[in-house]
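Data block for start_17.cif (mmCIF, C-alpha atoms and all ligand atoms):
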data_final
loop_
_atom_site.label_atom_id
_atom_site.label_comp_id
_atom_site.auth_asym_id
_atom_site.auth_seq_id
_atom_site.Cartn_x
_atom_site.Cartn_y
_atom_site.Cartn_z
CA MET A 1 85.82 34.95 35.37
CA SER A 2 87.67 35.66 38.59
CA ASN A 3 90.96 33.83 39.11
CA LEU A 4 92.29 34.81 42.51
CA GLU A 5 95.75 33.25 42.98
CA GLN A 6 98.55 33.25 45.51
CA THR A 7 102.24 33.26 44.66
CA LEU A 8 105.46 33.26 46.65
CA SER A 9 107.75 36.25 46.51
CA ILE A 10 111.22 36.54 48.03
CA ILE A 11 113.08 39.80 48.48
CA LYS A 12 116.65 38.52 48.15
CA PRO A 13 119.71 39.38 50.29
CA ASP A 14 121.03 42.06 47.92
CA ALA A 15 117.78 44.05 48.21
CA VAL A 16 117.28 43.54 51.97
CA GLU A 17 120.90 44.58 52.53
CA ARG A 18 120.22 47.85 50.67
CA ASN A 19 117.03 48.40 52.72
CA LEU A 20 114.86 48.15 49.62
CA ASP A 21 112.29 45.79 51.16
CA ARG A 22 109.78 48.52 52.04
CA GLU A 23 110.01 50.11 48.60
CA ILE A 24 109.60 46.73 46.88
CA LYS A 25 106.59 45.86 49.05
CA GLU A 26 105.03 49.23 48.10
CA ILE A 27 105.48 48.39 44.41
CA PHE A 28 103.51 45.18 44.97
CA THR A 29 100.73 46.84 46.97
CA HIS A 30 100.43 49.71 44.44
CA LYS A 31 100.03 47.07 41.73
CA GLY A 32 97.09 45.64 43.66
CA PHE A 33 98.74 42.68 45.39
CA ASN A 34 97.60 41.84 48.88
CA ILE A 35 100.50 40.74 51.11
CA VAL A 36 98.74 37.88 52.91
CA LYS A 37 101.71 36.80 55.03
CA GLU A 38 105.31 37.94 55.30
CA LYS A 39 108.36 37.29 57.41
CA LYS A 40 112.00 38.32 57.47
CA ILE A 41 114.25 35.30 57.98
CA GLN A 42 117.66 33.90 57.16
CA ILE A 43 117.74 30.35 55.83
CA THR A 44 120.58 27.81 55.96
CA LYS A 45 122.37 26.56 52.86
CA PRO A 46 120.69 23.11 53.10
CA GLU A 47 117.30 24.86 53.23
CA ALA A 48 118.23 26.92 50.15
CA GLU A 49 119.31 23.69 48.40
CA GLN A 50 115.91 22.19 49.13
CA PHE A 51 114.07 25.33 48.00
CA TYR A 52 115.96 25.49 44.68
CA LYS A 53 116.03 21.70 44.14
CA VAL A 54 114.60 22.11 40.61
CA HIS A 55 117.91 23.76 39.69
CA GLU A 56 120.18 21.11 41.24
CA THR A 57 121.70 20.04 37.92
CA LYS A 58 122.48 23.61 36.84
CA PRO A 59 126.06 24.90 36.97
CA PHE A 60 124.96 27.89 39.05
CA TYR A 61 123.17 25.79 41.73
CA ASN A 62 125.86 25.92 44.41
CA ASP A 63 126.45 29.68 44.11
CA LEU A 64 122.70 30.31 44.00
CA CYS A 65 122.10 28.40 47.26
CA ALA A 66 125.12 29.99 48.96
CA TYR A 67 123.78 33.38 47.94
CA LEU A 68 120.17 32.91 49.07
CA SER A 69 121.41 31.79 52.49
CA SER A 70 124.02 34.58 52.78
CA GLY A 71 121.81 37.14 54.55
CA PRO A 72 118.28 38.03 55.61
CA ILE A 73 115.45 37.69 53.10
CA VAL A 74 111.78 38.70 53.18
CA VAL A 75 109.35 35.97 52.10
CA MET A 76 105.77 36.89 51.24
CA ILE A 77 102.56 35.31 50.07
CA LEU A 78 101.14 37.67 47.44
CA GLU A 79 97.50 37.45 46.39
CA LYS A 80 95.80 38.98 43.34
CA GLU A 81 93.92 37.97 40.20
CA ASN A 82 96.38 35.88 38.13
CA ALA A 83 99.06 36.57 40.76
CA VAL A 84 101.71 34.19 39.38
CA LEU A 85 101.89 35.86 35.96
CA ALA A 86 101.33 39.37 37.35
CA ASN A 87 104.26 38.91 39.73
CA ARG A 88 106.53 37.66 36.95
CA GLU A 89 105.62 40.70 34.87
CA ILE A 90 106.37 43.19 37.62
CA MET A 91 109.66 41.39 38.48
CA GLY A 92 110.97 41.46 34.90
CA ALA A 93 113.46 39.15 33.19
CA THR A 94 115.76 36.99 35.35
CA ASN A 95 118.78 38.91 34.09
CA PRO A 96 118.37 42.58 35.11
CA LYS A 97 120.22 43.59 31.93
CA GLU A 98 117.34 42.14 29.91
CA ALA A 99 114.53 43.39 32.18
CA LYS A 100 112.10 45.96 30.84
CA GLU A 101 111.87 49.52 32.11
CA GLY A 102 109.56 49.79 35.11
CA THR A 103 110.22 46.29 36.43
CA ILE A 104 111.72 45.55 39.85
CA ARG A 105 114.77 43.77 38.46
CA LYS A 106 115.48 46.62 36.00
CA LYS A 107 115.22 49.13 38.81
CA PHE A 108 117.11 47.31 41.57
CA GLY A 109 118.83 44.19 40.16
CA ILE A 110 122.62 44.13 40.19
CA SER A 111 123.35 40.90 38.28
CA ILE A 112 121.68 37.63 37.29
CA ASP A 113 122.48 36.29 40.79
CA LYS A 114 121.75 39.47 42.71
CA ASN A 115 118.47 40.09 40.92
CA SER A 116 116.65 41.35 44.05
CA VAL A 117 113.49 39.20 43.89
CA HIS A 118 112.28 35.66 43.29
CA GLY A 119 108.76 34.72 42.24
CA SER A 120 107.07 31.36 41.65
CA ASP A 121 107.02 30.40 37.97
CA SER A 122 103.72 28.46 37.96
CA VAL A 123 100.61 27.92 40.06
CA ASP A 124 101.81 24.43 41.04
CA ASN A 125 105.23 25.70 42.12
CA ALA A 126 103.60 28.58 43.98
CA LYS A 127 101.75 26.05 46.17
CA ILE A 128 104.97 24.11 46.82
CA GLU A 129 106.97 27.26 47.56
CA ILE A 130 104.28 28.78 49.83
CA ASN A 131 104.14 25.51 51.76
CA PHE A 132 107.93 25.49 52.05
CA PHE A 133 108.00 28.81 53.95
CA PHE A 134 104.52 28.91 55.52
CA LYS A 135 103.65 25.37 56.57
CA ASP A 136 100.97 26.23 59.16
P1 LIG A 201 115.21 33.04 40.59
O1 LIG A 201 113.98 33.53 39.94
O2 LIG A 201 115.35 33.17 42.05
O3 LIG A 201 115.42 31.48 40.21
C1 LIG A 201 116.67 30.88 40.15
C2 LIG A 201 117.81 31.86 40.20
O4 LIG A 201 119.04 31.39 39.69
C3 LIG A 201 117.48 33.05 39.32
O5 LIG A 201 116.45 33.81 39.92
C4 LIG A 201 118.84 33.74 39.22
O6 LIG A 201 119.07 34.66 40.26
C5 LIG A 201 119.83 32.56 39.40
N1 LIG A 201 120.66 32.32 38.24
C6 LIG A 201 122.00 32.38 38.19
N2 LIG A 201 122.46 32.09 36.98
C7 LIG A 201 121.39 31.83 36.21
C8 LIG A 201 121.23 31.47 34.83
N3 LIG A 201 122.26 31.33 34.00
N4 LIG A 201 119.97 31.28 34.37
C9 LIG A 201 118.90 31.41 35.20
N5 LIG A 201 119.00 31.74 36.51
C10 LIG A 201 120.23 31.97 37.01
#

Kindly present the structure from the file in structure tokens form.
Amino acid sequence: MSNLEQTLSIIKPDAVERNLDREIKEIFTHKGFNIVKEKKIQITKPEAEQFYKVHETKPFYNDLCAYLSSGPIVVMILEKENAVLANREIMGATNPKEAKEGTIRKKFGISIDKNSVHGSDSVDNAKIEINFFFKD
């Protein structure tokens, strides 16, 4: 049965700064994702705090929000069959050191903070995160 989904992807400041956004987008399109919408923006720290609110009790929350708001990012709505899981597979483990060969974080990630990409972790969160960046 078909299960067309949308998920939110962010190309983080470390990757945009190294001009990797085109290469990362090509990885997604070669894997069969349709980039439905995209924009390059820079968000404020309060906006990052709202976006990552699920992590507000974590010790890394402040650094994480400072980092996401530290430079331009590319936010995208990706669409494909089972897009949420497929995106998580192509991104690889959160910590690039643990990411499998062939994944985006293995290839481009610098550290657990500068791990080049974010992707929604569930269908419900994908809807919330897509709405956060693309309200209209
Ligand atoms: P992301 O998928 O964007 O979701 C939250 C981010 O927090 C995660 O990627 C990491 O970049 C960052 N982070 C920093 N430290 C940790 C940690 N110890 N565990 C999980 N995520 C972390």

**Message:** Using only C-alpha atoms and all ligand atoms, which residues have at least one atom no more than 6 Å from ligand LIG 201 (chain A)? Output them as a PyMOL selection string.
**Reply:** chain A and resi 60+64+94+112-113+115+118-119

**Request:** Select, from A:Gly32, A:Val84, A:Glu38, A:Ala99, the residue with the minimum atom-to-atom distance to Asp124 in chain A, counting all atoms listed in the file.
**Result:** A:Val84

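If you count all atoms listed in the file and ignore residues fewer than 4 places along the chain from Val36 in chain A, what sits within 7 Å of it is A:Ile77, A:Leu78, A:Glu79.
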
Using C-alpha atoms, can you export the residues from the last selection as an mmCIF file, in the frame of the given file?
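Generated file (part_31.cif):
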data_model
loop_
_atom_site.group_PDB
_atom_site.id
_atom_site.type_symbol
_atom_site.label_atom_id
_atom_site.label_comp_id
_atom_site.auth_asym_id
_atom_site.auth_seq_id
_atom_site.Cartn_x
_atom_site.Cartn_y
_atom_site.Cartn_z
ATOM 1 C CA ILE A 77 102.560 35.310 50.070
ATOM 2 C CA LEU A 78 101.140 37.670 47.440
ATOM 3 C CA GLU A 79 97.500 37.450 46.390
#

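Of the residues under consideration (A:Glu47, A:Glu56, A:Asp121, A:Glu89), A:Glu89 shows the shortest atom-to-atom contact distance to Gly102 in chain A when counting all atoms listed in the file.
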
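Of the listed residues (A:Val54, A:Val74, A:Ala66, A:Ala83), A:Val74 comes nearest to Lys40 in chain A; the distances count all atoms listed in the file.
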
**Prompt:** Hey, can you check how far CA of Lys127 in chain A sits from CA of Ile11 in chain A?
**Reply:**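 CA of Ile11 in chain A lies at a distance of 18.0 Å from CA of Lys127 in chain A.
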
**Request:** List every protein, DNA or RNA residue with an atom no more than 12 Å from (123.3, 44.4, 48.0) in the file's coordinates, counting only C-alpha atoms, and format the result as a PyMOL selection string.
**Result:** chain A and resi 11-21+67-68+70-73+108-111+113-117

**Item:** Which residue of A:Lys106, A:Lys37, A:Arg22, A:Lys135 approaches Ala93 in chain A most closely, using all atoms listed in the file
**Value:** A:Lys106

**Prompt:** Quick one, how far is CA of Arg105 in chain A from CA of Lys31 in chain A?
**Reply:**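 Rounded to one decimal, the two atoms are 15.5 Å apart.
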
**Message:** Ranking A:Ile35, A:Glu81, A:His55, A:His30 by minimum distance to Met1 in chain A and counting all atoms listed in the file, which one comes first?
**Reply:**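 When distances to Met1 in chain A are compared using all atoms listed in the file, the smallest one comes from A:Glu81.
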
**Item:** CA of Gln6 in chain A to CA of Gln50 in chain A, straight-line distance in Å
**Value:**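 One can read the CA of Gln50 in chain A to CA of Gln6 in chain A distance as 20.9 Å.
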
**Message:** Please determine, counting only C-alpha atoms, which residue among A:Glu5, A:Gly92, A:Lys100, A:Ser69 has the shortest atom-to-atom distance to Thr44 in chain A.
**Reply:**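 Residue with the minimum atom-to-atom distance to Thr44 in chain A: A:Ser69.
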
Starting from the sparse input, extend range 61-72 of chain A to all heavy atoms and give the output as a PDB file, in the coordinates of the input.
ATOM      1  N   TYR A  61     123.937  26.231  40.539  1.00  0.00           N
ATOM      2  CA  TYR A  61     123.170  25.790  41.730  1.00  0.00           C
ATOM      3  C   TYR A  61     123.878  26.103  43.053  1.00  0.00           C
ATOM      4  O   TYR A  61     123.287  26.657  43.972  1.00  0.00           O
ATOM      5  CB  TYR A  61     122.884  24.303  41.604  1.00  0.00           C
ATOM      6  CG  TYR A  61     122.100  23.685  42.735  1.00  0.00           C
ATOM      7  CD1 TYR A  61     120.801  24.091  43.032  1.00  0.00           C
ATOM      8  CD2 TYR A  61     122.661  22.666  43.512  1.00  0.00           C
ATOM      9  CE1 TYR A  61     120.084  23.498  44.059  1.00  0.00           C
ATOM     10  CE2 TYR A  61     121.938  22.070  44.539  1.00  0.00           C
ATOM     11  CZ  TYR A  61     120.657  22.497  44.806  1.00  0.00           C
ATOM     12  OH  TYR A  61     119.946  21.915  45.817  1.00  0.00           O
ATOM     13  N   ASN A  62     125.148  25.740  43.138  1.00  0.00           N
ATOM     14  CA  ASN A  62     125.860  25.920  44.410  1.00  0.00           C
ATOM     15  C   ASN A  62     125.944  27.404  44.794  1.00  0.00           C
ATOM     16  O   ASN A  62     125.623  27.779  45.926  1.00  0.00           O
ATOM     17  CB  ASN A  62     127.254  25.298  44.326  1.00  0.00           C
ATOM     18  CG  ASN A  62     127.948  25.351  45.672  1.00  0.00           C
ATOM     19  OD1 ASN A  62     127.441  24.845  46.671  1.00  0.00           O
ATOM     20  ND2 ASN A  62     129.090  26.014  45.720  1.00  0.00           N
ATOM     21  N   ASP A  63     126.346  28.243  43.842  1.00  0.00           N
ATOM     22  CA  ASP A  63     126.450  29.680  44.110  1.00  0.00           C
ATOM     23  C   ASP A  63     125.088  30.273  44.470  1.00  0.00           C
ATOM     24  O   ASP A  63     124.973  31.120  45.357  1.00  0.00           O
ATOM     25  CB  ASP A  63     126.993  30.426  42.886  1.00  0.00           C
ATOM     26  CG  ASP A  63     128.480  30.178  42.687  1.00  0.00           C
ATOM     27  OD1 ASP A  63     129.111  29.577  43.580  1.00  0.00           O
ATOM     28  OD2 ASP A  63     129.003  30.574  41.627  1.00  0.00           O
ATOM     29  N   LEU A  64     124.057  29.815  43.774  1.00  0.00           N
ATOM     30  CA  LEU A  64     122.700  30.310  44.000  1.00  0.00           C
ATOM     31  C   LEU A  64     122.257  30.021  45.442  1.00  0.00           C
ATOM     32  O   LEU A  64     121.720  30.901  46.121  1.00  0.00           O
ATOM     33  CB  LEU A  64     121.760  29.608  43.005  1.00  0.00           C
ATOM     34  CG  LEU A  64     120.269  29.820  43.153  1.00  0.00           C
ATOM     35  CD1 LEU A  64     119.902  31.279  42.955  1.00  0.00           C
ATOM     36  CD2 LEU A  64     119.514  28.944  42.157  1.00  0.00           C
ATOM     37  N   CYS A  65     122.529  28.797  45.908  1.00  0.00           N
ATOM     38  CA  CYS A  65     122.100  28.400  47.260  1.00  0.00           C
ATOM     39  C   CYS A  65     122.953  29.102  48.321  1.00  0.00           C
ATOM     40  O   CYS A  65     122.433  29.507  49.362  1.00  0.00           O
ATOM     41  CB  CYS A  65     122.164  26.884  47.407  1.00  0.00           C
ATOM     42  SG  CYS A  65     121.021  26.068  46.275  1.00  0.00           S
ATOM     43  N   ALA A  66     124.244  29.255  48.034  1.00  0.00           N
ATOM     44  CA  ALA A  66     125.120  29.990  48.960  1.00  0.00           C
ATOM     45  C   ALA A  66     124.608  31.432  49.068  1.00  0.00           C
ATOM     46  O   ALA A  66     124.532  32.002  50.165  1.00  0.00           O
ATOM     47  CB  ALA A  66     126.556  29.961  48.456  1.00  0.00           C
ATOM     48  N   TYR A  67     124.232  31.992  47.946  1.00  0.00           N
ATOM     49  CA  TYR A  67     123.780  33.380  47.940  1.00  0.00           C
ATOM     50  C   TYR A  67     122.462  33.576  48.688  1.00  0.00           C
ATOM     51  O   TYR A  67     122.342  34.469  49.532  1.00  0.00           O
ATOM     52  CB  TYR A  67     123.643  33.896  46.491  1.00  0.00           C
ATOM     53  CG  TYR A  67     122.987  35.228  46.459  1.00  0.00           C
ATOM     54  CD1 TYR A  67     123.580  36.313  47.110  1.00  0.00           C
ATOM     55  CD2 TYR A  67     121.738  35.404  45.880  1.00  0.00           C
ATOM     56  CE1 TYR A  67     122.960  37.528  47.161  1.00  0.00           C
ATOM     57  CE2 TYR A  67     121.115  36.624  45.925  1.00  0.00           C
ATOM     58  CZ  TYR A  67     121.719  37.683  46.570  1.00  0.00           C
ATOM     59  OH  TYR A  67     121.083  38.890  46.650  1.00  0.00           O
ATOM     60  N   LEU A  68     121.475  32.727  48.422  1.00  0.00           N
ATOM     61  CA  LEU A  68     120.170  32.910  49.070  1.00  0.00           C
ATOM     62  C   LEU A  68     120.259  32.769  50.586  1.00  0.00           C
ATOM     63  O   LEU A  68     119.457  33.355  51.315  1.00  0.00           O
ATOM     64  CB  LEU A  68     119.113  31.944  48.508  1.00  0.00           C
ATOM     65  CG  LEU A  68     117.675  32.325  48.884  1.00  0.00           C
ATOM     66  CD1 LEU A  68     117.197  33.576  48.140  1.00  0.00           C
ATOM     67  CD2 LEU A  68     116.693  31.182  48.676  1.00  0.00           C
ATOM     68  N   SER A  69     121.249  31.994  51.036  1.00  0.00           N
ATOM     69  CA  SER A  69     121.410  31.790  52.490  1.00  0.00           C
ATOM     70  C   SER A  69     122.435  32.748  53.095  1.00  0.00           C
ATOM     71  O   SER A  69     122.762  32.634  54.273  1.00  0.00           O
ATOM     72  CB  SER A  69     121.804  30.330  52.756  1.00  0.00           C
ATOM     73  OG  SER A  69     122.983  29.998  52.045  1.00  0.00           O
ATOM     74  N   SER A  70     122.917  33.721  52.322  1.00  0.00           N
ATOM     75  CA  SER A  70     124.020  34.580  52.780  1.00  0.00           C
ATOM     76  C   SER A  70     123.580  35.737  53.670  1.00  0.00           C
ATOM     77  O   SER A  70     124.424  36.400  54.265  1.00  0.00           O
ATOM     78  CB  SER A  70     124.774  35.135  51.566  1.00  0.00           C
ATOM     79  OG  SER A  70     123.949  36.053  50.865  1.00  0.00           O
ATOM     80  N   GLY A  71     122.290  36.008  53.739  1.00  0.00           N
ATOM     81  CA  GLY A  71     121.810  37.140  54.550  1.00  0.00           C
ATOM     82  C   GLY A  71     120.306  37.088  54.663  1.00  0.00           C
ATOM     83  O   GLY A  71     119.656  36.219  54.063  1.00  0.00           O
ATOM     84  N   PRO A  72     119.733  38.034  55.423  1.00  0.00           N
ATOM     85  CA  PRO A  72     118.280  38.030  55.610  1.00  0.00           C
ATOM     86  C   PRO A  72     117.522  38.213  54.285  1.00  0.00           C
ATOM     87  O   PRO A  72     117.995  38.902  53.368  1.00  0.00           O
ATOM     88  CB  PRO A  72     118.043  39.241  56.521  1.00  0.00           C
ATOM     89  CG  PRO A  72     119.348  39.511  57.177  1.00  0.00           C
ATOM     90  CD  PRO A  72     120.405  39.083  56.198  1.00  0.00           C
TER      91      PRO A  72
END
